[in-house]
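A.B. asks: Next up, structure_6.pdb (PDB, C-alpha atoms).
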```
ATOM      1  CA  MET M  23      31.166   4.338  53.634
ATOM      2  CA  VAL M  24      29.975   5.574  57.003
ATOM      3  CA  ALA M  25      26.179   5.601  57.219
ATOM      4  CA  LYS M  26      24.804   9.094  56.752
ATOM      5  CA  LYS M  27      21.988  10.841  58.547
ATOM      6  CA  VAL M  28      19.369  12.689  56.535
ATOM      7  CA  LEU M  29      16.749  15.165  57.698
ATOM      8  CA  ILE M  30      13.747  15.848  55.465
ATOM      9  CA  VAL M  31      11.955  19.065  56.365
ATOM     10  CA  TYR M  32       8.551  18.530  54.768
ATOM     11  CA  ALA M  33       5.728  20.999  54.230
ATOM     12  CA  HIS M  34       2.508  19.786  52.650
ATOM     13  CA  GLN M  35      -0.921  19.383  54.180
ATOM     14  CA  SER M  36      -1.927  16.189  52.341
ATOM     15  CA  SER M  37      -0.534  12.666  52.480
ATOM     16  CA  ALA M  38      -2.080  12.123  49.020
ATOM     17  CA  SER M  39       0.038  14.893  47.449
ATOM     18  CA  PHE M  40       2.892  14.584  44.978
ATOM     19  CA  ASN M  41       5.129  16.223  47.596
ATOM     20  CA  SER M  42       4.262  13.441  50.020
ATOM     21  CA  ALA M  43       5.156  10.849  47.390
ATOM     22  CA  ALA M  44       8.486  12.614  46.757
ATOM     23  CA  LYS M  45       9.184  12.670  50.493
ATOM     24  CA  ASP M  46       8.344   8.966  50.822
ATOM     25  CA  ALA M  47      10.560   8.102  47.850
ATOM     26  CA  ALA M  48      13.482   9.904  49.473
ATOM     27  CA  LYS M  49      12.912   8.089  52.762
ATOM     28  CA  GLU M  50      12.762   4.718  51.053
ATOM     29  CA  VAL M  51      15.726   5.107  48.700
ATOM     30  CA  LEU M  52      18.040   6.693  51.264
ATOM     31  CA  ALA M  53      17.120   4.175  53.978
ATOM     32  CA  ALA M  54      17.881   1.365  51.511
ATOM     33  CA  GLN M  55      21.396   2.816  51.212
ATOM     34  CA  GLY M  56      21.854   2.518  54.972
ATOM     35  CA  CYS M  57      21.029   6.119  55.824
ATOM     36  CA  THR M  58      19.129   7.085  58.941
ATOM     37  CA  VAL M  59      16.277   9.278  57.743
ATOM     38  CA  GLU M  60      14.267  11.564  60.002
ATOM     39  CA  VAL M  61      11.291  13.639  58.825
ATOM     40  CA  SER M  62      10.010  16.880  60.276
ATOM     41  CA  ASP M  63       6.421  16.972  58.978
ATOM     42  CA  LEU M  64       5.729  20.598  59.748
ATOM     43  CA  TYR M  65       1.954  20.648  59.260
ATOM     44  CA  ALA M  66       1.473  17.419  61.208
ATOM     45  CA  MET M  67       3.647  18.872  63.969
ATOM     46  CA  LYS M  68       1.641  22.102  63.887
ATOM     47  CA  PHE M  69       5.012  23.811  63.798
ATOM     48  CA  LYS M  70       4.841  27.433  64.906
ATOM     49  CA  ALA M  71       5.877  29.728  62.071
ATOM     50  CA  ALA M  72       6.065  33.086  63.840
ATOM     51  CA  ALA M  73       9.364  34.145  65.407
ATOM     52  CA  THR M  74       8.361  35.688  68.737
ATOM     53  CA  ALA M  75       9.552  36.213  72.304
ATOM     54  CA  GLU M  76       7.692  33.012  73.232
ATOM     55  CA  ASP M  77      10.568  31.133  71.598
ATOM     56  CA  ILE M  78      12.610  31.903  74.715
ATOM     57  CA  THR M  79      11.936  30.364  78.112
ATOM     58  CA  GLY M  80      12.211  32.802  80.990
ATOM     59  CA  ASP M  81      12.910  36.505  80.811
ATOM     60  CA  VAL M  82      14.389  38.207  77.770
ATOM     61  CA  LYS M  83      17.262  40.651  78.018
ATOM     62  CA  ASN M  84      15.424  43.676  76.633
ATOM     63  CA  ALA M  85      11.644  43.376  76.658
ATOM     64  CA  ALA M  86      11.207  47.049  75.809
ATOM     65  CA  HIS M  87      13.000  46.625  72.490
ATOM     66  CA  PHE M  88      12.880  42.922  71.661
ATOM     67  CA  ARG M  89      15.340  41.937  68.937
ATOM     68  CA  TYR M  90      14.829  38.336  67.874
ATOM     69  CA  ALA M  91      18.308  37.495  66.573
ATOM     70  CA  GLU M  92      20.178  38.843  69.601
ATOM     71  CA  GLU M  93      17.728  37.414  72.152
ATOM     72  CA  THR M  94      17.670  33.917  70.616
ATOM     73  CA  LYS M  95      21.464  33.898  70.392
ATOM     74  CA  LEU M  96      21.638  34.547  74.108
ATOM     75  CA  ALA M  97      18.917  31.961  74.772
ATOM     76  CA  TRP M  98      20.768  29.388  72.663
ATOM     77  CA  GLU M  99      23.981  30.030  74.600
ATOM     78  CA  GLU M 100      22.122  29.675  77.920
ATOM     79  CA  GLY M 101      19.982  26.681  76.902
ATOM     80  CA  LYS M 102      16.766  28.711  77.074
ATOM     81  CA  LEU M 103      15.337  28.198  73.591
ATOM     82  CA  CYS M 104      11.888  26.577  73.574
ATOM     83  CA  ALA M 105      11.538  22.827  73.107
ATOM     84  CA  ASP M 106      10.447  22.726  69.452
ATOM     85  CA  ILE M 107      13.426  24.801  68.302
ATOM     86  CA  THR M 108      15.838  22.780  70.424
ATOM     87  CA  GLU M 109      14.497  19.537  68.972
ATOM     88  CA  GLU M 110      14.829  20.730  65.368
ATOM     89  CA  GLN M 111      18.359  21.964  66.049
ATOM     90  CA  ARG M 112      19.185  18.522  67.439
ATOM     91  CA  LYS M 113      17.947  16.882  64.224
ATOM     92  CA  LEU M 114      19.901  19.353  62.107
ATOM     93  CA  THR M 115      23.087  18.974  64.137
ATOM     94  CA  GLU M 116      22.984  15.202  63.712
ATOM     95  CA  SER M 117      22.303  15.321  59.959
ATOM     96  CA  ASP M 118      24.722  15.208  57.039
ATOM     97  CA  LEU M 119      22.111  16.096  54.419
ATOM     98  CA  ILE M 120      18.959  18.191  54.764
ATOM     99  CA  ILE M 121      16.251  17.993  52.100
ATOM    100  CA  PHE M 122      13.541  20.650  52.073
ATOM    101  CA  GLN M 123      10.464  19.157  50.391
ATOM    102  CA  PHE M 124       7.655  21.593  49.569
ATOM    103  CA  PRO M 125       5.309  23.103  47.000
ATOM    104  CA  MET M 126       6.520  26.501  45.816
ATOM    105  CA  TYR M 127       4.226  29.227  47.191
ATOM    106  CA  TRP M 128       4.529  32.712  45.727
ATOM    107  CA  PHE M 129       8.016  31.981  44.335
ATOM    108  CA  THR M 130       9.361  30.790  47.690
ATOM    109  CA  VAL M 131       8.775  28.252  50.476
ATOM    110  CA  PRO M 132       5.440  27.979  52.340
ATOM    111  CA  ALA M 133       5.140  30.177  55.430
ATOM    112  CA  ILE M 134       5.438  27.219  57.804
ATOM    113  CA  MET M 135       8.777  26.232  56.243
ATOM    114  CA  LYS M 136      10.028  29.826  56.254
ATOM    115  CA  GLY M 137       9.124  29.826  59.943
ATOM    116  CA  TRP M 138      11.271  26.732  60.429
ATOM    117  CA  MET M 139      14.186  28.572  58.817
ATOM    118  CA  ASP M 140      13.566  31.766  60.799
ATOM    119  CA  ARG M 141      13.300  29.983  64.133
ATOM    120  CA  VAL M 142      15.713  27.035  63.844
ATOM    121  CA  LEU M 143      18.615  28.742  62.059
ATOM    122  CA  THR M 144      19.316  31.062  64.964
ATOM    123  CA  LEU M 145      22.200  33.486  65.307
ATOM    124  CA  GLY M 146      25.106  31.743  67.011
ATOM    125  CA  TYR M 147      23.830  28.259  66.231
ATOM    126  CA  ALA M 148      23.616  28.494  62.414
ATOM    127  CA  TYR M 149      25.568  31.630  61.556
ATOM    128  CA  SER M 150      27.509  34.570  62.965
ATOM    129  CA  GLU M 151      29.092  37.686  61.531
ATOM    130  CA  GLU M 152      32.444  35.920  61.500
ATOM    131  CA  ARG M 153      31.172  32.567  60.255
ATOM    132  CA  ARG M 154      28.909  32.737  57.220
ATOM    133  CA  TYR M 155      28.854  31.859  53.527
ATOM    134  CA  SER M 156      31.867  29.693  52.561
ATOM    135  CA  GLN M 157      33.174  29.975  56.129
ATOM    136  CA  GLY M 158      29.769  29.244  57.641
ATOM    137  CA  ILE M 159      29.031  27.223  60.740
ATOM    138  CA  LEU M 160      27.167  24.512  58.805
ATOM    139  CA  LYS M 161      29.768  24.132  56.025
ATOM    140  CA  ASP M 162      30.237  20.411  56.651
ATOM    141  CA  LYS M 163      26.596  19.689  55.821
ATOM    142  CA  LYS M 164      24.762  19.470  52.510
ATOM    143  CA  ALA M 165      21.309  20.860  51.841
ATOM    144  CA  MET M 166      18.950  20.880  48.896
ATOM    145  CA  LEU M 167      15.559  22.140  47.834
ATOM    146  CA  SER M 168      13.103  19.625  46.359
ATOM    147  CA  PHE M 169       9.858  21.228  45.274
ATOM    148  CA  THR M 170       6.887  21.321  42.957
ATOM    149  CA  THR M 171       5.775  24.271  40.887
ATOM    150  CA  GLY M 172       2.329  25.249  39.705
ATOM    151  CA  SER M 173       3.711  26.622  36.420
ATOM    152  CA  HIS M 174       5.395  24.855  33.538
ATOM    153  CA  GLU M 175       9.180  25.010  33.116
ATOM    154  CA  SER M 176       8.894  27.334  30.099
ATOM    155  CA  MET M 177       7.256  29.962  32.302
ATOM    156  CA  PHE M 178      10.307  30.024  34.607
ATOM    157  CA  SER M 179      12.810  30.676  31.818
ATOM    158  CA  ALA M 180      14.818  33.794  31.013
ATOM    159  CA  ASP M 181      12.126  34.835  28.517
ATOM    160  CA  GLY M 182       9.180  33.312  30.377
ATOM    161  CA  VAL M 183       6.453  35.217  32.178
ATOM    162  CA  ASN M 184       7.649  34.160  35.668
ATOM    163  CA  GLY M 185      11.280  34.998  34.959
ATOM    164  CA  ASP M 186      14.450  32.953  35.306
ATOM    165  CA  MET M 187      14.200  30.244  37.976
ATOM    166  CA  ASN M 188      17.874  30.842  38.774
ATOM    167  CA  VAL M 189      16.947  34.328  39.961
ATOM    168  CA  THR M 190      13.996  32.994  41.964
ATOM    169  CA  LEU M 191      16.254  30.501  43.751
ATOM    170  CA  TRP M 192      19.054  32.935  44.645
ATOM    171  CA  PRO M 193      17.504  34.308  47.891
ATOM    172  CA  LEU M 194      16.784  30.788  49.188
ATOM    173  CA  GLN M 195      19.955  29.024  48.113
ATOM    174  CA  ASN M 196      22.429  31.857  48.637
ATOM    175  CA  GLY M 197      20.659  34.048  51.173
ATOM    176  CA  ILE M 198      19.628  31.265  53.550
ATOM    177  CA  LEU M 199      21.359  27.946  52.854
ATOM    178  CA  HIS M 200      24.767  29.115  51.642
ATOM    179  CA  TYR M 201      24.697  32.005  54.118
ATOM    180  CA  CYS M 202      24.699  29.416  56.919
ATOM    181  CA  GLY M 203      27.539  27.579  55.198
ATOM    182  CA  PHE M 204      25.607  24.645  53.719
ATOM    183  CA  GLN M 205      27.030  22.982  50.643
ATOM    184  CA  VAL M 206      23.989  23.524  48.426
ATOM    185  CA  LEU M 207      23.144  20.704  46.039
ATOM    186  CA  ALA M 208      21.319  21.410  42.796
ATOM    187  CA  PRO M 209      17.569  21.666  43.406
ATOM    188  CA  GLN M 210      15.156  18.907  42.457
ATOM    189  CA  ILE M 211      12.378  20.686  40.593
ATOM    190  CA  PHE M 212       9.151  18.917  39.714
ATOM    191  CA  TRP M 213       7.595  21.135  37.061
ATOM    192  CA  ALA M 214       3.799  21.446  37.385
ATOM    193  CA  PRO M 215       3.010  17.834  38.354
ATOM    194  CA  SER M 216      -0.633  18.717  38.989
ATOM    195  CA  ARG M 217      -0.964  19.453  35.275
ATOM    196  CA  LEU M 218       0.470  16.089  34.202
ATOM    197  CA  PRO M 219      -1.209  12.692  33.720
ATOM    198  CA  SER M 220      -0.553   9.990  36.303
ATOM    199  CA  GLU M 221       2.008   8.169  34.151
ATOM    200  CA  ALA M 222       4.076  11.318  33.685
ATOM    201  CA  ARG M 223       4.032  11.998  37.438
ATOM    202  CA  GLY M 224       5.294   8.469  37.967
ATOM    203  CA  THR M 225       8.144   9.171  35.569
ATOM    204  CA  LEU M 226       9.098  12.259  37.591
ATOM    205  CA  LEU M 227       9.256  10.185  40.759
ATOM    206  CA  GLU M 228      11.379   7.525  39.084
ATOM    207  CA  GLY M 229      13.818  10.225  38.013
ATOM    208  CA  TRP M 230      13.972  11.419  41.634
ATOM    209  CA  ARG M 231      14.597   7.880  42.852
ATOM    210  CA  THR M 232      17.438   7.509  40.368
ATOM    211  CA  ARG M 233      19.033  10.760  41.467
ATOM    212  CA  LEU M 234      18.762   9.787  45.129
ATOM    213  CA  GLN M 235      20.939   6.743  44.490
ATOM    214  CA  GLY M 236      23.952   9.033  44.146
ATOM    215  CA  VAL M 237      22.833  12.260  45.796
ATOM    216  CA  LEU M 238      25.196  11.950  48.764
ATOM    217  CA  ALA M 239      28.185  12.043  46.409
ATOM    218  CA  GLU M 240      27.005  15.004  44.343
ATOM    219  CA  LYS M 241      29.123  18.129  44.111
ATOM    220  CA  PRO M 242      27.477  21.335  45.332
ATOM    221  CA  LEU M 243      26.605  24.470  43.419
ATOM    222  CA  SER M 244      29.332  27.102  43.093
ATOM    223  CA  PHE M 245      29.327  30.333  45.109
ATOM    224  CA  THR M 246      31.974  33.045  45.365
ATOM    225  CA  PRO M 247      34.129  32.354  48.463
ATOM    226  CA  LEU M 248      33.905  34.855  51.313
ATOM    227  CA  ASP M 249      37.628  35.589  51.212
ATOM    228  CA  CYS M 250      37.161  37.122  47.737
ATOM    229  CA  PHE M 251      35.524  40.089  49.473
ATOM    230  CA  ASP M 252      37.221  42.861  51.443
ATOM    231  CA  GLY M 253      35.716  42.997  54.926
ATOM    232  CA  GLU M 254      37.383  46.347  55.597
ATOM    233  CA  LYS M 255      35.719  47.904  52.550
ATOM    234  CA  GLY M 256      32.110  46.927  52.983
ATOM    235  CA  PHE M 257      32.641  43.361  51.754
ATOM    236  CA  GLN M 258      33.127  44.503  48.164
ATOM    237  CA  LEU M 259      34.732  42.098  45.710
ATOM    238  CA  LYS M 260      38.499  42.573  45.924
ATOM    239  CA  PRO M 261      40.123  44.371  42.951
ATOM    240  CA  GLU M 262      42.125  41.325  41.892
ATOM    241  CA  PHE M 263      38.949  39.307  41.449
ATOM    242  CA  GLN M 264      37.277  42.193  39.634
ATOM    243  CA  GLU M 265      40.218  42.272  37.227
ATOM    244  CA  LYS M 266      40.278  38.501  36.826
ATOM    245  CA  ASN M 267      36.677  38.513  35.656
ATOM    246  CA  ALA M 268      36.776  41.741  33.635
ATOM    247  CA  SER M 269      37.093  40.022  30.260
ATOM    248  CA  LYS M 270      34.659  37.176  30.956
ATOM    249  CA  GLU M 271      31.258  36.988  29.305
ATOM    250  CA  TYR M 272      29.297  36.213  32.452
ATOM    251  CA  GLY M 273      29.175  37.533  35.991
ATOM    252  CA  LEU M 274      30.322  35.410  38.914
ATOM    253  CA  THR M 275      26.882  34.406  40.171
ATOM    254  CA  VAL M 276      23.226  35.411  39.898
ATOM    255  CA  GLY M 277      23.646  38.041  42.628
ATOM    256  CA  ILE M 278      27.281  38.997  42.066
ATOM    257  CA  HIS M 279      26.894  39.520  38.332
ATOM    258  CA  LEU M 280      29.254  42.527  37.992
ATOM    259  CA  GLY M 281      26.783  44.125  35.573
ATOM    260  CA  LYS M 282      27.177  41.244  33.111
ATOM    261  CA  ALA M 283      24.925  38.503  31.816
ATOM    262  CA  LEU M 284      24.012  35.936  34.459
ATOM    263  CA  PRO M 285      25.898  32.630  34.339
ATOM    264  CA  PRO M 286      23.396  30.166  32.826
ATOM    265  CA  ASN M 287      21.756  27.719  35.255
ATOM    266  CA  SER M 288      24.246  28.458  38.036
ATOM    267  CA  GLN M 289      21.520  27.954  40.665
ATOM    268  CA  MET M 290      20.197  24.802  39.036
ATOM    269  CA  LYS M 291      23.250  22.790  37.991
ATOM    270  CA  ALA M 292      26.585  22.122  39.695
ATOM    271  CA  GLY M 293      29.807  22.998  37.925
ATOM    272  CA  VAL M 294      28.553  26.034  35.992
TER     273      VAL M 294
END
```
Could you write out this file's structure as structure tokens?
C.D. replies:
Amino acid sequence: MVAKKVLIVYAHQSSASFNSAAKDAAKEVLAAQGCTVEVSDLYAMKFKAAATAEDITGDVKNAAHFRYAEETKLAWEEGKLCADITEEQRKLTESDLIIFQFPMYWFTVPAIMKGWMDRVLTLGYAYSEERRYSQGILKDKKAMLSFTTGSHESMFSADGVNGDMNVTLWPLQNGILHYCGFQVLAPQIFWAPSRLPSEARGTLLEGWRTRLQGVLAEKPLSFTPLDCFDGEKGFQLKPEFQEKNASKEYGLTVGIHLGKALPPNSQMKAGV
């Protein structure tokens, strides 16, 4: 097997954290398999989170009405993106697998990691109107979320106070990763490690190490292919696919549920 390249985008302030231990475990296990592993330690890098005109070197096209997506697309085409974005795009371009390692903040990624996504996944480089979702620019790469929660697993269930984790994950996994074309692997969720004794945290890490042994061969989560939608009719699901799923118990996905019950664990397990 050809050696793979892995990028870990890491967001935690402390080297003594569980997230740091999870990041180090991934580095160690994947490197032992012959992978080249690179880490973007966002806090250590003091990575800029805000998407602004300063992300472009030189003049912008329309300073009076600055539009970030259009201006950074032009800057990317002309080689005028700032150095930190260019460097992260280099890492991403060279990688086969991207792991986002973070503590869940307010049901999503920390601001510094969202800034990485906003600034690095630029229009033209990571997506376009013609190339997105299953036909996305980054469709030959795999990506996954690996994160800790502050709440127990029961609280993120369909009848738990935080709601179904599958719903929480949909905007990140479909709206960002799959939108850019990534093959999205099932997330690695460490449920409330700060509330567990040391031995139990060690067990979580061992489970992560075991998974990492075969993670490169894992099949991705399922999403509805882009060609199932009619681009001439507002990208609505085509009638034949509506009819095909009319008698089924569950909707297609968390977001494209067709008014039916959500498919169980479709954002947490492959093959469902």
A.B. asks: Between M:Val28, M:Leu243, M:Met290, M:Ala71, which residue has the minimum interatomic distance to M:Met135, considering only C-alpha atoms?
C.D. replies: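 The shortest atom-to-atom distance to M:Met135 comes from M:Ala71.
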A.B. asks: Measuring atom to atom with only C-alpha atoms, identify which of M:Phe251, M:Trp230, M:Tyr272, M:Phe263 is nearest to M:Glu50.
C.D. replies: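 Closest residue, counting only C-alpha atoms: M:Trp230.
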A.B. asks: Report as a Markdown table: every residue of stretch 227-284 of chain M with an atom at most 12 Å from stretch 116-130 of chain M, its closest pair of atoms, and their distance in Å to one decimal, counting all atoms listed in the file, with rows sorted by chain and ascending residue number.
C.D. replies:
```
| residue | atom | partner | partner_atom | distance |
| --- | --- | --- | --- | --- |
| M:Leu234 | CA | M:Ile121 | CA | 11.1 |
| M:Val237 | CA | M:Leu119 | CA | 9.5 |
| M:Leu238 | CA | M:Leu119 | CA | 7.7 |
| M:Ala239 | CA | M:Leu119 | CA | 10.8 |
| M:Glu240 | CA | M:Leu119 | CA | 11.3 |
| M:Pro242 | CA | M:Leu119 | CA | 11.8 |
```
A.B. asks: Suppose a student applies the PyMOL selection byres ((chain M and resi 73) around 9) to this structure; what residues should they get, written as JSON, numbers by chain?
C.D. replies: {"M": [70, 71, 72, 74, 75, 76, 77, 90, 137, 140, 141]}
A.B. asks: Can you pull out every residue within 12 Å of M:Glu152, counting all atoms listed in the file, but drop anything in the same chain fewer than 4 positions away, and send it as a PyMOL selection string?
C.D. replies: chain M and resi 145-146+148+156-159+201-203+248-249+253
A.B. asks: Selected by the PyMOL selection byres ((chain M and resi 226) around 12) in the shown coordinates: which residues, as a PyMOL selection string?
C.D. replies: chain M and resi 40-41+43-44+47+169-170+210-216+218-225+227-233
A.B. asks: Please report, as lines of an AutoDock Vina configuration file, the centre and edge lengths in Å to one decimal of an axis-aligned box covering all listed atoms of stretch 264-267 of chain M with 8 Å per side.
C.D. replies:
```
center_x = 38.5
center_y = 40.4
center_z = 37.6
size_x = 19.6
size_y = 19.8
size_z = 20.0
```
A.B. asks: Of the residues M:Ala268, M:Leu191, M:Ile198, M:Val206, which is the one nearest to M:Ala165, using only C-alpha atoms?
C.D. replies: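 Answer, going by the shortest atom-to-atom distance: M:Val206.
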A.B. asks: Point out the residue among M:Thr108, M:Ser244, M:Gln235, M:Thr79 with the least atom-to-atom distance to M:Trp192, counting all atoms listed in the file.
C.D. replies: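 Between M:Thr108, M:Ser244, M:Gln235, M:Thr79, the residue approaching M:Trp192 most closely is M:Ser244.
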A.B. asks: I'd like the interatomic distance between atom CA of M:Lys83 and atom CA of M:Glu151, to a tenth of an Å.
C.D. replies: 20.5 Å
A.B. asks: Could you tell me how far atom CA of M:Ile107 lies from atom CA of M:Lys164, in Å and to one decimal?
C.D. replies: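 These atoms are spaced 20.2 Å apart.
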A.B. asks: Please evaluate the PyMOL selection byres ((chain M and resi 102) around 10) against the structure above and give the resulting residues as a list in words.
C.D. replies: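 Matching residues under the PyMOL selection byres ((chain M and resi 102) around 10) are Asp77, Ile78, Thr79, Gly80, Asp81, Val82, Thr94, Lys95, Leu96, Ala97, Trp98, Glu99, Glu100, Gly101, Leu103, Cys104, Ala105 and Thr108 of chain M.
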A.B. asks: Measuring atom to atom with all atoms listed in the file, identify which of M:Met139, M:Leu207, M:Ala33, M:Leu167 is nearest to M:Ala66.
C.D. replies: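 Looking only at the distances to M:Ala66, the closest residue turns out to be M:Ala33.
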A.B. asks: Which distance in Å separates atom CA of M:Ser62 and atom CA of M:Leu29, to one decimal?
C.D. replies: 7.4 Å
A.B. asks: Go through M:Asn267, M:Gln205, M:Asn84, M:Ser173 and flag the residue nearest M:Ala292, using all atoms listed in the file for the distances.
C.D. replies: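 Of the candidates, the smallest distance to M:Ala292 is held by M:Gln205.
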